[in-house]
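To start, the structure itself, in structure tokens.
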Amino acid sequence: MYHTWMRFLTPSPVHHRLGLVCLGVGLQYGPLPTVGPRTLDSHVAVVISTGTGWYETPDGRRTTVTAPSLLWLTPGIPHH
């Protein structure tokens, strides 16, 4: 069983004018289910602090990810 918490934010127009806003934050741990493939609307920084897993690109290439790692997901690009 995995555990998770998330908070989604609604930045004001003043915050958007700064050029970079945080739309959400969360934490997941434990054995996670496979998610995707999916496409996001915004940039996402995924910080992997423990463990290992994989990331799959739109062309089907799978890459092993080992902590500590940072994945930078870009909008409009499918990932798995």
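Labeling convention for the structure tokens: chains A, B, ... as they appear, residues from 1 per chain, ligands from 1 in order of appearance.
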
Shell around Thr64 in chain A at 9 Å using only C-alpha atoms, local window under 3 positions removed, as an mmCIF file with all heavy atoms, in the first residue's frame:
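Contents of part_15.cif, freshly written:
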```cif
data_model
loop_
_atom_site.group_PDB
_atom_site.id
_atom_site.type_symbol
_atom_site.label_atom_id
_atom_site.label_comp_id
_atom_site.auth_asym_id
_atom_site.auth_seq_id
_atom_site.Cartn_x
_atom_site.Cartn_y
_atom_site.Cartn_z
ATOM 1 N N THR A 52 13.954 3.152 -6.607
ATOM 2 C CA THR A 52 14.205 3.123 -8.036
ATOM 3 C C THR A 52 12.883 2.962 -8.775
ATOM 4 O O THR A 52 11.865 2.600 -8.187
ATOM 5 C CB THR A 52 15.126 1.946 -8.439
ATOM 6 O OG1 THR A 52 14.466 0.732 -8.095
ATOM 7 C CG2 THR A 52 16.472 2.019 -7.764
ATOM 8 N N GLY A 53 12.919 3.240 -10.055
ATOM 9 C CA GLY A 53 11.750 3.080 -10.899
ATOM 10 C C GLY A 53 12.154 3.260 -12.343
ATOM 11 O O GLY A 53 13.311 3.053 -12.693
ATOM 12 N N TRP A 54 11.213 3.669 -13.178
ATOM 13 C CA TRP A 54 11.510 3.874 -14.587
ATOM 14 C C TRP A 54 10.665 5.016 -15.126
ATOM 15 O O TRP A 54 9.660 5.400 -14.553
ATOM 16 C CB TRP A 54 11.288 2.604 -15.395
ATOM 17 C CG TRP A 54 9.934 1.970 -15.211
ATOM 18 C CD1 TRP A 54 9.604 1.013 -14.308
ATOM 19 C CD2 TRP A 54 8.735 2.268 -15.936
ATOM 20 N NE1 TRP A 54 8.285 0.691 -14.419
ATOM 21 C CE2 TRP A 54 7.715 1.454 -15.424
ATOM 22 C CE3 TRP A 54 8.412 3.146 -16.960
ATOM 23 C CZ2 TRP A 54 6.413 1.478 -15.897
ATOM 24 C CZ3 TRP A 54 7.104 3.174 -17.435
ATOM 25 C CH2 TRP A 54 6.135 2.342 -16.903
ATOM 26 N N TYR A 55 11.139 5.543 -16.259
ATOM 27 C CA TYR A 55 10.470 6.620 -16.989
ATOM 28 C C TYR A 55 10.449 6.189 -18.442
ATOM 29 O O TYR A 55 11.451 5.710 -18.967
ATOM 30 C CB TYR A 55 11.249 7.930 -16.825
ATOM 31 C CG TYR A 55 10.769 9.037 -17.729
ATOM 32 C CD1 TYR A 55 9.694 9.821 -17.371
ATOM 33 C CD2 TYR A 55 11.396 9.282 -18.951
ATOM 34 C CE1 TYR A 55 9.246 10.827 -18.209
ATOM 35 C CE2 TYR A 55 10.954 10.284 -19.786
ATOM 36 C CZ TYR A 55 9.882 11.057 -19.411
ATOM 37 O OH TYR A 55 9.428 12.036 -20.225
ATOM 38 N N GLU A 56 9.290 6.339 -19.089
ATOM 39 C CA GLU A 56 9.184 5.949 -20.495
ATOM 40 C C GLU A 56 8.855 7.153 -21.363
ATOM 41 O O GLU A 56 7.938 7.908 -21.063
ATOM 42 C CB GLU A 56 8.102 4.868 -20.655
ATOM 43 C CG GLU A 56 8.107 4.231 -22.028
ATOM 44 C CD GLU A 56 7.177 3.034 -22.086
ATOM 45 O OE1 GLU A 56 7.468 2.016 -21.415
ATOM 46 O OE2 GLU A 56 6.154 3.141 -22.773
#
```

Notebook entry, point to check: Quick one: DSSP helix (DSSP H, G or I) residues in chain A, as a PyMOL selection string?
Noted result: chain A and resi 13-16

Note to self: Which residues are close to Met6 in chain A, i.e. within 12 Å by only C-alpha atoms, leaving aside same-chain residues fewer than 2 positions away? Reply as a PyMOL selection string.
What the structure shows: chain A and resi 3-4+8-9+23-28

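CA of Asp41 in chain A to CA of Pro11 in chain A spans 15.6 Å [interatomic distance, one decimal].
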
Item checked: In chain A, DSSP strand (DSSP E or B) residues written as a PyMOL selection string -> chain A and resi 3-8+24-29+38+44-48+52-56+62-66+69-73+79

Note to self: So the first atom is CA of Met1 in chain A and the second is CA of Ser42 in chain A; what is the distance between them in Å, to one decimal place?
What the structure shows: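 Between CA of Met1 in chain A and CA of Ser42 in chain A the gap is 28.5 Å.
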
Margin query: Give me, as number ranges by chain, all polymer residues having an atom no more than 12 Å from Pro75 in chain A, counting only C-alpha atoms and skipping those fewer than 5 positions away in the same chain.
Written below: A: 38-45

Same residues, C-alpha atoms, saved as a PDB file, in the first residue's frame:
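The resulting file, selection_30.pdb, is shown below:
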```
ATOM      1  CA  ARG A  38      -0.313  10.876 -19.637  1.00  0.00           C
ATOM      2  CA  THR A  39       0.308  14.411 -20.859  1.00  0.00           C
ATOM      3  CA  LEU A  40       0.502  17.413 -18.525  1.00  0.00           C
ATOM      4  CA  ASP A  41      -0.531  21.037 -19.078  1.00  0.00           C
ATOM      5  CA  SER A  42       2.415  22.565 -17.219  1.00  0.00           C
ATOM      6  CA  HIS A  43       6.021  21.920 -16.245  1.00  0.00           C
ATOM      7  CA  VAL A  44       6.490  19.502 -13.350  1.00  0.00           C
ATOM      8  CA  ALA A  45       9.577  18.803 -11.262  1.00  0.00           C
TER       9      ALA A  45
END
```
